[in-house]
Amino acid sequence: MKKFLLGILVGLALSALLVFGLALAALSAAERPPSVRDGSTLLLSLNGEIPERAPVRVPLPAIEARRALTVHQVWDLMRKAAADKRIKAVVLLPEDLDVGWGRLEEIRHALVEFRNSGKPLVAYLRSPGAREYYLATAAESISMSREDLLNVKGLRAEVMFLKGTLDKLGVEFEIEHAGRYKDAGDMFTRSSMRPETREVLDSVLDRLFADFIQAVSAGRSLEPAKVRALIDEGPFLAAQAKARGLVDALEFEEEFFDRLKERLGQEEIRKLSCRDYVRVPAGALGLEGGTRIALVVAEGTIMRSDDGLEEEGLLASRSFGRLLAEIREDERIKGVILRINSPGGDAVASDEILREARRLAEKKPLVVSMSDSAASGGYFIAMTGSPVVAYSHTFTGSIGVLYGKVTLRGLYDKLGVRKELLTRGRFADLDSDYRPLSAEGREKLREGVQAVYESFLRAVAEGRRRPLEEIRPLAEGRVWLGTQAKERGLVDELGGLDRAIELVKERAGIAATEKIRLVIYPRRRSLLEYLFRAGGETALFDQVRNRLQGVDLRPLLRGGFLALPPYIVQVR
């Protein structure tokens, strides 16, 4: 019986390996550079999220074809299309975008740079909102369907407060913070905005709205005052949008391409997918040289963990620190752009990353490029002493610290759950979810929060090469947009990837006209690399085991008689 079962398992394993091998072969074939016909029109379809870091490579062409392009890939597509004589035009097709205003600024700049090449850039919109329209204003003409809606009506910020709900559940959050603008915990402890929150959000909305109006004004050749007045009339039916000069044509997509065909003098539009064209190497178009510059993406919530190069949305200090050390020792890398898109996270993990980033900056020319967000811990890890470049719309600063504790005693009482705590040590129950903070315990936490805050201030003062007392009034946990941060000396320049490349070339002694090769880190991982690590354990297995508070599942998976405890005792 055992041999029979073993034979079945071996057969299944071999079949799985065969299918996986065929999928890998198909993916490899799909990754070969495509054939680009003369007179091609590049279709730049942008949907949903546009991340900084490429997701795990899945060996299924159908899935890979739907993968989101990264910000760097969009930037690279536009410079290649401008230089490639085979590309005659670009059609922008944005839809349902879930992207911050910093990344949108980078993409719009890339579109404007392409348009400066003299090639046609036209846009076709499907159910557009403010983000899609912001990008489309970089095009020379904008079309949409006759019955569609231009959902442009201004900008808003929404803040949710859960205290009322938590009170009904018997859940209490206790937050200690340093910095009067450090309001991240207010969602759980308040029922309305504090004045400081309203002040910051009003300033952010004012700046974003003014920049949005300016972009529409420049793209549509309308006076800013006219644009502001028009927005108060939105949203717009398609006919209204055309009558007010916000779009140029109302037509079906087929009619849109027919008109483009006539303009290009072609019998058919030679459509080229952006996901195909992204595989064309920039070097084949003379856009790359031999000098290597690392583009290191630091994206996600900062955690003191080892999983950050595998798990999306997580920037793990240990694995990312090892990556920075690897780049530091790579003699082929002549300069580094540290690309940050992080709202912060764990203070200790942020300090660990900053240490490695500073060591890297001591050995190689380094420039920090901020994306949508480089705030709190995300700003902290930028304090290498190197030049910092941000977008006008980057959320940055938020120099402050908070500590949060949840008390579930009220919820436990409602559910009939009771705990008995035995302690040794004055503050042993400081982080217990069954007891609220005592006055002494709260003072203990305040002491720690203030100490970490002072360390944060010193790191910023050192990184910005300014006296501590100049930094203190700019801190207090306040969030700044890139433009505001530049005015206050918290960043050095406004710009994106192009400016970061110019600066790192200057610092590395590379001629401005010399072509360089951007090497992206972390490199994109395959599905096998994601699933399996050294030692044969899987990342997914680790995540499941961690969520079970230390219970090792391997005995259960092997079967047989087990001697396992019915619960786990943890002494903290």
# chains A, B, ... in the order shown; residues from 1 in each chain; ligands from 1

$ residues_around --residues "A:Ala157" --least-positions-apart "2" --cutoff "9 Å" --atoms "only C-alpha atoms" --output "JSON, numbers by chain"
{"A": [155, 159, 201, 202, 205]}

$ select_by_dssp --residues "stretch 200-342 of chain A" --states "alpha helix (DSSP H)" --output "number ranges by chain"
A: 200-220, 224-231, 238-243, 253-264, 274-277, 317-329

$ atom_distance --atom1 "atom CA of A:His109" --atom2 "atom CA of A:Ala83"
16.3 Å

$ closest_residue --among "A:Thr301, A:Thr70, A:Asn116, A:Ser369" --to "A:Arg499" --atoms "only C-alpha atoms"
A:Ser369

$ select_by_dssp --residues "stretch 57-270 of chain A" --states "strand (DSSP E)" --output "MDAnalysis selection string"
chainID A and resid 87:97 121:125 141:144 149:150 172:178 236:237 249:250 270

$ atom_distance --atom1 "atom CA of A:Val74" --atom2 "atom CA of A:Pro365"
25.3 Å

$ residues_around --residues "A:Ile269" --least-positions-apart "2" --cutoff "9 Å" --atoms "only C-alpha atoms" --output "PyMOL selection string"
chain A and resi 39-41+257-258+260-261+264+266-267+271

$ write_last_selection --atoms "N, CA, C and O atoms" --output "compact mmCIF listing (two decimals), in the first residue's frame"
# COMPACT_ATOMS: atom_id res chain seq x y z
N GLY A 39 6.54 51.87 -38.40
CA GLY A 39 5.25 52.56 -38.37
C GLY A 39 4.33 52.09 -37.26
O GLY A 39 3.12 52.30 -37.34
N SER A 40 4.90 51.48 -36.21
CA SER A 40 4.06 50.97 -35.12
C SER A 40 3.52 52.09 -34.25
O SER A 40 4.14 53.15 -34.09
N THR A 41 2.35 51.84 -33.68
CA THR A 41 1.75 52.73 -32.70
C THR A 41 1.76 52.02 -31.35
O THR A 41 1.19 50.93 -31.20
N PHE A 257 -9.33 55.24 -33.69
CA PHE A 257 -8.18 54.65 -34.39
C PHE A 257 -8.27 54.89 -35.91
O PHE A 257 -7.24 54.99 -36.57
N ASP A 258 -9.49 55.00 -36.44
CA ASP A 258 -9.62 55.32 -37.87
C ASP A 258 -9.05 56.70 -38.16
O ASP A 258 -8.36 56.91 -39.17
N LEU A 260 -6.75 58.26 -36.40
CA LEU A 260 -5.30 58.19 -36.24
C LEU A 260 -4.66 57.54 -37.47
O LEU A 260 -3.58 57.96 -37.91
N LYS A 261 -5.32 56.55 -38.01
CA LYS A 261 -4.83 55.87 -39.21
C LYS A 261 -4.70 56.86 -40.36
O LYS A 261 -3.68 56.86 -41.08
N LEU A 264 -1.70 59.16 -39.77
CA LEU A 264 -0.40 58.52 -39.99
C LEU A 264 -0.22 58.06 -41.44
O LEU A 264 0.87 57.62 -41.80
N GLN A 266 -1.67 55.48 -42.94
CA GLN A 266 -1.52 54.03 -42.97
C GLN A 266 -2.86 53.37 -43.31
O GLN A 266 -3.93 53.91 -43.02
N GLU A 267 -2.77 52.20 -43.89
CA GLU A 267 -3.98 51.44 -44.19
C GLU A 267 -4.54 50.76 -42.95
O GLU A 267 -5.73 50.46 -42.88
N LYS A 271 -0.67 48.20 -34.21
CA LYS A 271 -0.70 48.31 -32.76
C LYS A 271 0.40 47.49 -32.11
O LYS A 271 0.64 46.33 -32.48

$ atom_distance --atom1 "atom CA of A:Pro387" --atom2 "atom CA of A:Asp306"
28.4 Å

$ residues_around --residues "stretch 164-177 of chain A" --least-positions-apart "3" --cutoff "10 Å" --atoms "only C-alpha atoms" --output "ChimeraX atom specification"
/A:161,180-191,400-415,433,436-437,442-443,445-450,453,476-477

$ residues_around --residues "A:Glu493" --least-positions-apart "3" --cutoff "8 Å" --atoms "only C-alpha atoms" --output "count of residues only"
5

$ residues_around --residues "A:Lys242" --least-positions-apart "3" --cutoff "10 Å" --atoms "only C-alpha atoms" --output "list of chain:residue names"
A:Ile142, A:Ser143, A:Met144, A:Arg146, A:Leu150, A:Phe236, A:Leu237, A:Ala238, A:Ala239, A:Gly245, A:Leu246, A:Val247, A:Asp248, A:Ala249, A:Leu250

$ closest_residue --among "A:Ser438, A:Thr384, A:Thr137, A:Gln484" --to "A:Ala357" --atoms "only C-alpha atoms"
A:Thr384

$ residues_around --residues "A:Leu43" --least-positions-apart "3" --cutoff "7 Å" --atoms "only C-alpha atoms" --output "PyMOL selection string"
chain A and resi 90-92+271-274
